[in-house]
$ cat work_10.txt   # compact mmCIF, C-alpha atoms
# COMPACT_ATOMS: atom_id res chain seq x y z
CA MET A 571 45.31 -28.87 2.50
CA ILE A 572 41.58 -28.95 3.21
CA ARG A 573 39.77 -29.68 -0.05
CA VAL A 574 36.54 -27.68 -0.29
CA LEU A 575 33.58 -28.12 -2.65
CA ILE A 576 31.13 -25.20 -2.98
CA ALA A 577 27.46 -25.92 -3.74
CA ASP A 578 25.37 -22.80 -4.39
CA ASP A 579 23.04 -21.86 -7.24
CA HIS A 580 24.35 -18.28 -7.48
CA PRO A 581 27.50 -17.97 -9.64
CA VAL A 582 28.51 -14.70 -7.98
CA VAL A 583 28.42 -16.33 -4.55
CA ARG A 584 30.46 -19.30 -5.74
CA GLN A 585 33.06 -17.08 -7.36
CA GLY A 586 33.33 -14.85 -4.32
CA LEU A 587 33.80 -17.81 -2.00
CA ARG A 588 36.36 -19.43 -4.29
CA THR A 589 38.38 -16.21 -4.61
CA PHE A 590 38.52 -15.69 -0.86
CA LEU A 591 39.05 -19.31 0.22
CA ASP A 592 41.83 -19.86 -2.30
CA LEU A 593 43.77 -17.09 -0.55
CA GLN A 594 44.07 -19.29 2.55
CA ASP A 595 47.24 -21.37 2.76
CA ASP A 596 45.46 -24.48 4.01
CA LEU A 597 42.29 -24.38 1.86
CA GLU A 598 41.80 -25.45 -1.74
CA VAL A 599 38.51 -25.10 -3.63
CA VAL A 600 38.38 -28.23 -5.79
CA GLY A 601 35.03 -27.63 -7.46
CA GLU A 602 31.72 -25.77 -7.70
CA ALA A 603 28.17 -27.11 -8.01
CA ALA A 604 25.03 -25.19 -8.98
CA ASP A 605 22.56 -27.70 -7.48
CA GLY A 606 22.38 -30.74 -5.25
CA THR A 607 22.61 -33.30 -8.03
CA GLU A 608 25.80 -31.74 -9.33
CA ALA A 609 27.15 -31.55 -5.78
CA LEU A 610 26.62 -35.29 -5.31
CA ALA A 611 28.38 -36.09 -8.58
CA LEU A 612 31.35 -33.84 -7.76
CA THR A 613 31.55 -35.22 -4.24
CA GLU A 614 31.99 -38.69 -5.67
CA SER A 615 34.53 -37.68 -8.31
CA LEU A 616 36.55 -35.10 -6.35
CA SER A 617 36.39 -36.50 -2.78
CA PRO A 618 36.38 -33.11 -1.00
CA ASP A 619 37.04 -32.88 2.73
CA VAL A 620 34.40 -30.22 3.34
CA LEU A 621 31.24 -29.40 1.38
CA LEU A 622 29.94 -25.83 1.69
CA LEU A 623 26.24 -26.36 1.04
CA ASP A 624 23.44 -23.90 0.38
CA LEU A 625 19.95 -25.08 1.35
CA LYS A 626 17.85 -23.49 -1.37
CA MET A 627 18.96 -24.85 -4.74
CA PRO A 628 17.11 -26.08 -7.84
CA VAL A 629 16.80 -29.72 -8.92
CA LEU A 630 17.86 -31.06 -5.51
CA ASP A 631 17.96 -28.79 -2.46
CA GLY A 632 20.45 -28.85 0.39
CA LEU A 633 18.41 -31.08 2.69
CA GLY A 634 17.89 -33.61 -0.09
CA THR A 635 21.61 -33.53 -0.80
CA LEU A 636 22.41 -34.24 2.84
CA GLU A 637 20.02 -37.18 2.88
CA ARG A 638 21.55 -38.65 -0.30
CA LEU A 639 25.04 -38.25 1.13
CA ALA A 640 23.98 -40.08 4.29
CA GLU A 641 22.65 -42.96 2.21
CA ARG A 642 26.01 -43.30 0.46
CA GLY A 643 27.98 -43.82 3.64
CA PRO A 644 31.26 -41.99 4.34
CA SER A 645 31.08 -38.48 2.92
CA PRO A 646 32.70 -35.08 3.36
CA ARG A 647 31.98 -32.96 6.41
CA VAL A 648 29.12 -30.66 5.42
CA LEU A 649 28.97 -27.02 6.48
CA VAL A 650 25.63 -25.45 5.59
CA LEU A 651 26.08 -21.85 4.43
CA THR A 652 22.73 -20.28 3.65
CA SER A 653 20.82 -17.03 3.52
CA VAL A 654 17.64 -18.78 4.64
CA SER A 655 16.52 -17.43 8.00
CA ASP A 656 13.82 -20.04 8.70
CA ARG A 657 14.84 -21.60 12.01
CA GLY A 658 12.82 -24.68 11.10
CA ASP A 659 15.49 -25.65 8.58
CA VAL A 660 18.30 -25.96 11.11
CA ALA A 661 17.41 -29.11 13.07
CA PRO A 662 16.46 -31.18 9.96
CA ALA A 663 19.75 -30.23 8.31
CA MET A 664 21.78 -31.19 11.37
CA ARG A 665 19.90 -34.46 11.80
CA ALA A 666 20.52 -35.24 8.14
CA GLY A 667 24.25 -35.07 8.75
CA ALA A 668 25.44 -31.46 8.56
CA ALA A 669 28.42 -30.76 10.79
CA GLY A 670 27.78 -27.02 10.93
CA PHE A 671 25.23 -24.35 10.09
CA LEU A 672 26.13 -20.75 9.25
CA TYR A 673 24.43 -17.82 7.55
CA LYS A 674 25.90 -15.93 4.62
CA ASP A 675 26.35 -12.78 6.68
CA VAL A 676 29.16 -14.54 8.57
CA GLU A 677 32.48 -12.71 8.74
CA PRO A 678 34.92 -14.08 6.13
CA MET A 679 37.57 -15.24 8.61
CA ALA A 680 34.87 -16.76 10.83
CA LEU A 681 33.89 -18.87 7.83
CA VAL A 682 37.49 -19.98 7.39
CA ARG A 683 37.68 -20.95 11.05
CA ALA A 684 34.39 -22.83 10.71
CA ILE A 685 35.68 -24.84 7.75
CA ARG A 686 38.77 -25.78 9.71
CA ALA A 687 36.68 -26.68 12.76
CA VAL A 688 34.24 -28.99 11.00
CA HIS A 689 37.14 -30.60 9.14
CA GLU A 690 38.68 -31.41 12.52
CA GLY A 691 35.47 -33.09 13.64
CA GLN A 692 33.81 -30.30 15.59
CA VAL A 693 30.14 -29.30 15.40
CA LEU A 694 29.73 -25.59 14.73
CA LEU A 695 26.53 -23.53 14.71
CA ALA A 696 25.72 -19.86 14.31
CA ALA A 697 24.08 -18.48 17.46
CA GLU A 698 20.58 -18.36 15.95
CA ALA A 699 21.00 -21.85 14.53
CA ALA A 700 22.08 -23.17 17.94
CA GLU A 701 18.96 -21.68 19.52
CA ALA A 702 16.83 -23.43 16.90
CA VAL A 703 18.50 -26.76 17.62
CA LEU A 704 18.00 -26.34 21.36
CA ALA A 705 14.30 -25.70 20.78
CA ALA A 706 13.82 -28.65 18.42
CA PRO A 707 12.43 -32.05 19.54
CA VAL A 708 15.13 -34.54 20.42
CA PRO A 709 15.40 -37.55 18.06
CA GLY A 710 15.68 -41.12 19.23
CA PRO A 711 14.48 -42.75 22.46
CA ALA A 712 14.34 -39.45 24.33
CA ALA A 713 11.55 -38.30 22.02
CA ALA A 714 9.61 -41.55 22.08
CA GLY A 715 6.13 -41.61 23.53
CA PRO A 716 3.74 -38.77 24.33
CA ALA A 717 5.01 -36.09 26.67
CA SER A 718 3.01 -33.70 28.72
CA ALA A 719 3.15 -30.06 27.74
CA GLY A 720 6.26 -28.40 29.10
CA ALA A 721 7.71 -31.65 30.46
CA ALA A 722 11.46 -32.03 30.24
CA GLU A 723 12.73 -34.59 27.77
CA PRO A 724 14.25 -37.64 29.54
CA VAL A 725 17.91 -38.39 29.01
CA ALA A 726 18.91 -41.76 27.57
CA PRO A 727 20.29 -44.21 30.20
CA LEU A 728 24.04 -43.87 29.71
CA THR A 729 26.72 -45.13 32.04
CA ASP A 730 29.05 -42.60 33.65
CA ARG A 731 31.80 -43.54 31.20
CA GLU A 732 29.46 -43.22 28.23
CA ARG A 733 28.46 -39.74 29.41
CA GLU A 734 32.14 -38.81 29.58
CA VAL A 735 32.60 -40.06 26.02
CA LEU A 736 29.50 -38.19 24.83
CA THR A 737 30.77 -34.96 26.38
CA LEU A 738 34.10 -35.38 24.60
CA ILE A 739 32.35 -36.17 21.32
CA ALA A 740 30.41 -32.92 21.67
CA SER A 741 33.66 -31.02 22.18
CA GLY A 742 34.92 -32.30 18.82
CA ARG A 743 37.40 -34.90 20.09
CA SER A 744 38.39 -37.78 17.81
CA ASN A 745 38.45 -41.37 19.10
CA ARG A 746 42.22 -41.14 19.47
CA GLU A 747 41.96 -37.93 21.49
CA ILE A 748 39.22 -39.39 23.68
CA ALA A 749 41.38 -42.45 24.32
CA ARG A 750 44.24 -40.19 25.36
CA ASP A 751 42.03 -38.03 27.61
CA LEU A 752 40.51 -41.04 29.36
CA ALA A 753 43.70 -43.11 29.39
CA VAL A 754 42.07 -46.09 27.68
CA ALA A 755 42.62 -47.98 24.43
CA GLU A 756 41.20 -46.52 21.22
CA LYS A 757 39.38 -49.82 20.64
CA THR A 758 37.60 -49.32 23.97
CA VAL A 759 36.55 -45.82 22.91
CA LYS A 760 35.11 -47.17 19.67
CA THR A 761 32.98 -49.58 21.69
CA HIS A 762 31.76 -46.77 23.95
CA VAL A 763 30.93 -44.56 20.95
CA SER A 764 28.93 -47.36 19.33
CA ASN A 765 27.01 -47.90 22.57
CA VAL A 766 26.30 -44.17 22.91
CA LEU A 767 24.95 -43.89 19.37
CA MET A 768 22.78 -46.96 19.86
CA LYS A 769 21.33 -45.79 23.18
CA LEU A 770 20.64 -42.29 21.89
CA GLY A 771 19.05 -43.66 18.73
CA VAL A 772 21.18 -41.42 16.50
CA GLN A 773 23.20 -42.22 13.41
CA ASP A 774 26.45 -40.32 13.84
CA ARG A 775 28.68 -38.23 16.09
CA THR A 776 27.16 -34.95 14.93
CA GLN A 777 23.69 -35.97 16.08
CA ALA A 778 25.14 -37.28 19.34
CA ALA A 779 26.84 -33.93 19.92
CA LEU A 780 23.57 -32.08 19.33
CA TYR A 781 21.83 -34.39 21.76
CA ALA A 782 24.48 -33.60 24.38
CA VAL A 783 24.06 -29.85 23.88
CA ARG A 784 20.27 -29.98 24.12
CA HIS A 785 20.41 -31.98 27.34
CA GLY A 786 23.05 -29.87 29.01
CA LEU A 787 25.64 -32.64 28.90
CA ALA A 788 28.11 -30.46 26.96
$ encode --input "work_10.txt" --output "structure tokens"
Amino acid sequence: MIRVLIADDHPVVRQGLRTFLDLQDDLEVVGEAADGTEALALTESLSPDVLLLDLKMPVLDGLGTLERLAERGPSPRVLVLTSVSDRGDVAPAMRAGAAGFLYKDVEPMALVRAIRAVHEGQVLLAAEAAEAVLAAPVPGPAAAGPASAGAAEPVAPLTDREREVLTLIASGRSNREIARDLAVAEKTVKTHVSNVLMKLGVQDRTQAALYAVRHGLA
């Protein structure tokens, strides 16, 4: 079972999501939060696998919630589900640790598939959200220093093997799956992943995957 926590300030939205998600054999809604502060408390007490997170909430908004979760260390996979159409919100949310970004007009079964996908380690974006990410400045070394207008962002100096690992990370592969695909030890993959994150100047696999997409490496 995939344990899901819903964070949204509208009771009708929460109830509708709970009613639909609980119909799925592999999903269980373990709690509901009306704001970011409540979401953080329930995340700690309920240990959900996936957090469905709205961006616009009182007390503590979605972005603030993501940042607090990142400070705590290991946390649930976060799938942003919002009605906000401001493309400027997408990249900050993904950089703060979101594993996916969808809008509330998503088809119900597409939402179910998205929850399953992010739980499995994939990065999933609505089409408009993906366009916003592609247009956003790249974090880390690739964005360092002034760039001339219209100049292409340089790609971090990765070895051929590290590029292979980055491509597989972007496709949602786990370390074990990458080890199997490359016919190497899982410990070796962990070393490669650490080197990739360090060279890209990013904090986690989600940000590395976004980097790969923006640079045409995945």
$ residues_near_point --input "work_10.txt" --point "(24.2, -38.2, 21.0)" --cutoff "12 Å" --atoms "only C-alpha atoms" --output "mmCIF file with C-alpha atoms, keeping the file's coordinate frame"
data_model
loop_
_atom_site.group_PDB
_atom_site.id
_atom_site.type_symbol
_atom_site.label_atom_id
_atom_site.label_comp_id
_atom_site.auth_asym_id
_atom_site.auth_seq_id
_atom_site.Cartn_x
_atom_site.Cartn_y
_atom_site.Cartn_z
ATOM 1 C CA ARG A 665 19.900 -34.460 11.800
ATOM 2 C CA VAL A 708 15.130 -34.540 20.420
ATOM 3 C CA PRO A 709 15.400 -37.550 18.060
ATOM 4 C CA GLY A 710 15.680 -41.120 19.230
ATOM 5 C CA PRO A 711 14.480 -42.750 22.460
ATOM 6 C CA ALA A 712 14.340 -39.450 24.330
ATOM 7 C CA VAL A 725 17.910 -38.390 29.010
ATOM 8 C CA ALA A 726 18.910 -41.760 27.570
ATOM 9 C CA PRO A 727 20.290 -44.210 30.200
ATOM 10 C CA LEU A 728 24.040 -43.870 29.710
ATOM 11 C CA GLU A 732 29.460 -43.220 28.230
ATOM 12 C CA ARG A 733 28.460 -39.740 29.410
ATOM 13 C CA GLU A 734 32.140 -38.810 29.580
ATOM 14 C CA VAL A 735 32.600 -40.060 26.020
ATOM 15 C CA LEU A 736 29.500 -38.190 24.830
ATOM 16 C CA THR A 737 30.770 -34.960 26.380
ATOM 17 C CA LEU A 738 34.100 -35.380 24.600
ATOM 18 C CA ILE A 739 32.350 -36.170 21.320
ATOM 19 C CA ALA A 740 30.410 -32.920 21.670
ATOM 20 C CA SER A 741 33.660 -31.020 22.180
ATOM 21 C CA HIS A 762 31.760 -46.770 23.950
ATOM 22 C CA VAL A 763 30.930 -44.560 20.950
ATOM 23 C CA SER A 764 28.930 -47.360 19.330
ATOM 24 C CA ASN A 765 27.010 -47.900 22.570
ATOM 25 C CA VAL A 766 26.300 -44.170 22.910
ATOM 26 C CA LEU A 767 24.950 -43.890 19.370
ATOM 27 C CA MET A 768 22.780 -46.960 19.860
ATOM 28 C CA LYS A 769 21.330 -45.790 23.180
ATOM 29 C CA LEU A 770 20.640 -42.290 21.890
ATOM 30 C CA GLY A 771 19.050 -43.660 18.730
ATOM 31 C CA VAL A 772 21.180 -41.420 16.500
ATOM 32 C CA GLN A 773 23.200 -42.220 13.410
ATOM 33 C CA ASP A 774 26.450 -40.320 13.840
ATOM 34 C CA ARG A 775 28.680 -38.230 16.090
ATOM 35 C CA THR A 776 27.160 -34.950 14.930
ATOM 36 C CA GLN A 777 23.690 -35.970 16.080
ATOM 37 C CA ALA A 778 25.140 -37.280 19.340
ATOM 38 C CA ALA A 779 26.840 -33.930 19.920
ATOM 39 C CA LEU A 780 23.570 -32.080 19.330
ATOM 40 C CA TYR A 781 21.830 -34.390 21.760
ATOM 41 C CA ALA A 782 24.480 -33.600 24.380
ATOM 42 C CA VAL A 783 24.060 -29.850 23.880
ATOM 43 C CA ARG A 784 20.270 -29.980 24.120
ATOM 44 C CA HIS A 785 20.410 -31.980 27.340
ATOM 45 C CA GLY A 786 23.050 -29.870 29.010
ATOM 46 C CA LEU A 787 25.640 -32.640 28.900
ATOM 47 C CA ALA A 788 28.110 -30.460 26.960
#
$ closest_residue --input "work_10.txt" --among "A:Leu622, A:Val582, A:Ala611, A:Ala696" --to "Val660 of chain A" --atoms "all atoms listed in the file"
A:Ala696
$ atom_distance --input "work_10.txt" --atom1 "atom CA of Ala755 of chain A" --atom2 "atom CA of Gln692 of chain A"
21.6 Å
$ residues_around --input "work_10.txt" --residues "His580 of chain A" --least-positions-apart "5" --cutoff "9 Å" --atoms "only C-alpha atoms" --output "count of residues only"
3
$ residues_near_point --input "work_10.txt" --point "(22.9, -30.9, -10.3)" --cutoff "12 Å" --atoms "all atoms listed in the file" --output "JSON, numbers by chain"
{"A": [577, 578, 579, 602, 603, 604, 605, 606, 607, 608, 609, 610, 611, 612, 613, 627, 628, 629, 630, 631, 632, 634, 635]}
$ closest_residue --input "work_10.txt" --among "A:Met679, A:Met571, A:Ile576, A:Leu625" --to "Glu598 of chain A" --atoms "only C-alpha atoms"
A:Met571
$ axis_aligned_box --input "work_10.txt" --around "segment 728-732 of chain A" --padding-each-side "3 Å" --output "lines of an AutoDock Vina configuration file"
center_x = 27.9
center_y = -43.9
center_z = 30.9
size_x = 13.8
size_y = 8.5
size_z = 11.4
$ atom_distance --input "work_10.txt" --atom1 "atom CA of Ala661 of chain A" --atom2 "atom CA of Glu698 of chain A"
11.6 Å
$ atom_distance --input "work_10.txt" --atom1 "atom CA of Gly742 of chain A" --atom2 "atom CA of Leu694 of chain A"
9.4 Å
$ closest_residue --input "work_10.txt" --among "A:Ala687, A:Leu695, A:Gly667, A:Tyr673" --to "Asp624 of chain A" --atoms "all atoms listed in the file"
A:Tyr673
$ closest_residue --input "work_10.txt" --among "A:Leu633, A:Ala669, A:Leu649, A:Ile748" --to "Leu621 of chain A" --atoms "all atoms listed in the file"
A:Leu649
$ closest_residue --input "work_10.txt" --among "A:Ala666, A:Gly691, A:Ile685, A:Thr761" --to "Glu747 of chain A" --atoms "only C-alpha atoms"
A:Gly691
$ residues_around --input "work_10.txt" --residues "Phe590 of chain A" --least-positions-apart "4" --cutoff "10 Å" --atoms "all atoms listed in the file" --output "list in words"
Gln585, Gly586, Gln594, Leu597, Val599, Pro678, Met679 and Val682 of chain A
$ residues_around --input "work_10.txt" --residues "segment 644-646 of chain A" --least-positions-apart "5" --cutoff "7 Å" --atoms "all atoms listed in the file" --output "PDB file with C-alpha atoms, keeping the file's coordinate frame"
ATOM      1  CA  PRO A 618      36.380 -33.110  -1.000  1.00  0.00           C
ATOM      2  CA  ASP A 619      37.040 -32.880   2.730  1.00  0.00           C
ATOM      3  CA  VAL A 620      34.400 -30.220   3.340  1.00  0.00           C
ATOM      4  CA  LEU A 621      31.240 -29.400   1.380  1.00  0.00           C
ATOM      5  CA  LEU A 639      25.040 -38.250   1.130  1.00  0.00           C
TER       6      LEU A 639
END
$ decode --input "work_10.txt" --residues "segment 615-630 of chain A" --atoms "N, CA, C and O atoms" --output "compact mmCIF listing (two decimals), in the first residue's frame"
# COMPACT_ATOMS: atom_id res chain seq x y z
N SER A 615 4.26 12.27 12.26
CA SER A 615 3.55 11.28 13.07
C SER A 615 3.02 10.10 12.25
O SER A 615 2.91 8.99 12.77
N LEU A 616 2.71 10.33 10.97
CA LEU A 616 2.08 9.29 10.17
C LEU A 616 3.03 8.61 9.17
O LEU A 616 2.73 7.55 8.66
N SER A 617 4.18 9.24 8.89
CA SER A 617 5.17 8.70 7.95
C SER A 617 4.55 8.26 6.62
O SER A 617 4.67 7.10 6.21
N PRO A 618 3.89 9.18 5.91
CA PRO A 618 3.31 8.82 4.61
C PRO A 618 4.40 8.56 3.57
O PRO A 618 5.53 9.03 3.71
N ASP A 619 4.05 7.83 2.53
CA ASP A 619 4.98 7.59 1.43
C ASP A 619 4.96 8.75 0.44
O ASP A 619 5.99 9.11 -0.13
N VAL A 620 3.77 9.31 0.22
CA VAL A 620 3.59 10.40 -0.74
C VAL A 620 2.76 11.50 -0.09
O VAL A 620 1.74 11.22 0.55
N LEU A 621 3.20 12.74 -0.26
CA LEU A 621 2.46 13.90 0.22
C LEU A 621 1.91 14.64 -0.98
O LEU A 621 2.66 15.12 -1.83
N LEU A 622 0.57 14.73 -1.08
CA LEU A 622 -0.08 15.54 -2.10
C LEU A 622 -0.18 16.95 -1.53
O LEU A 622 -0.88 17.18 -0.55
N LEU A 623 0.51 17.91 -2.15
CA LEU A 623 0.70 19.21 -1.53
C LEU A 623 0.19 20.35 -2.41
O LEU A 623 0.64 20.51 -3.55
N ASP A 624 -0.73 21.14 -1.86
CA ASP A 624 -1.16 22.35 -2.54
C ASP A 624 -0.12 23.44 -2.26
O ASP A 624 0.56 23.41 -1.23
N LEU A 625 0.01 24.41 -3.16
CA LEU A 625 0.99 25.48 -2.95
C LEU A 625 0.43 26.63 -2.13
O LEU A 625 1.13 27.20 -1.29
N LYS A 626 -0.80 27.01 -2.38
CA LYS A 626 -1.38 28.17 -1.71
C LYS A 626 -2.20 27.71 -0.51
O LYS A 626 -3.34 27.27 -0.63
N MET A 627 -1.59 27.83 0.68
CA MET A 627 -2.25 27.46 1.92
C MET A 627 -1.93 28.50 2.98
O MET A 627 -0.89 29.17 2.90
N PRO A 628 -2.80 28.67 3.96
CA PRO A 628 -2.54 29.63 5.04
C PRO A 628 -1.47 29.11 6.00
O PRO A 628 -1.07 27.95 5.93
N VAL A 629 -1.02 29.98 6.87
CA VAL A 629 -0.04 29.68 7.93
C VAL A 629 1.32 29.38 7.33
O VAL A 629 2.29 30.10 7.56
N LEU A 630 1.43 28.30 6.58
CA LEU A 630 2.67 27.94 5.90
C LEU A 630 2.30 27.39 4.53
O LEU A 630 1.57 26.40 4.43
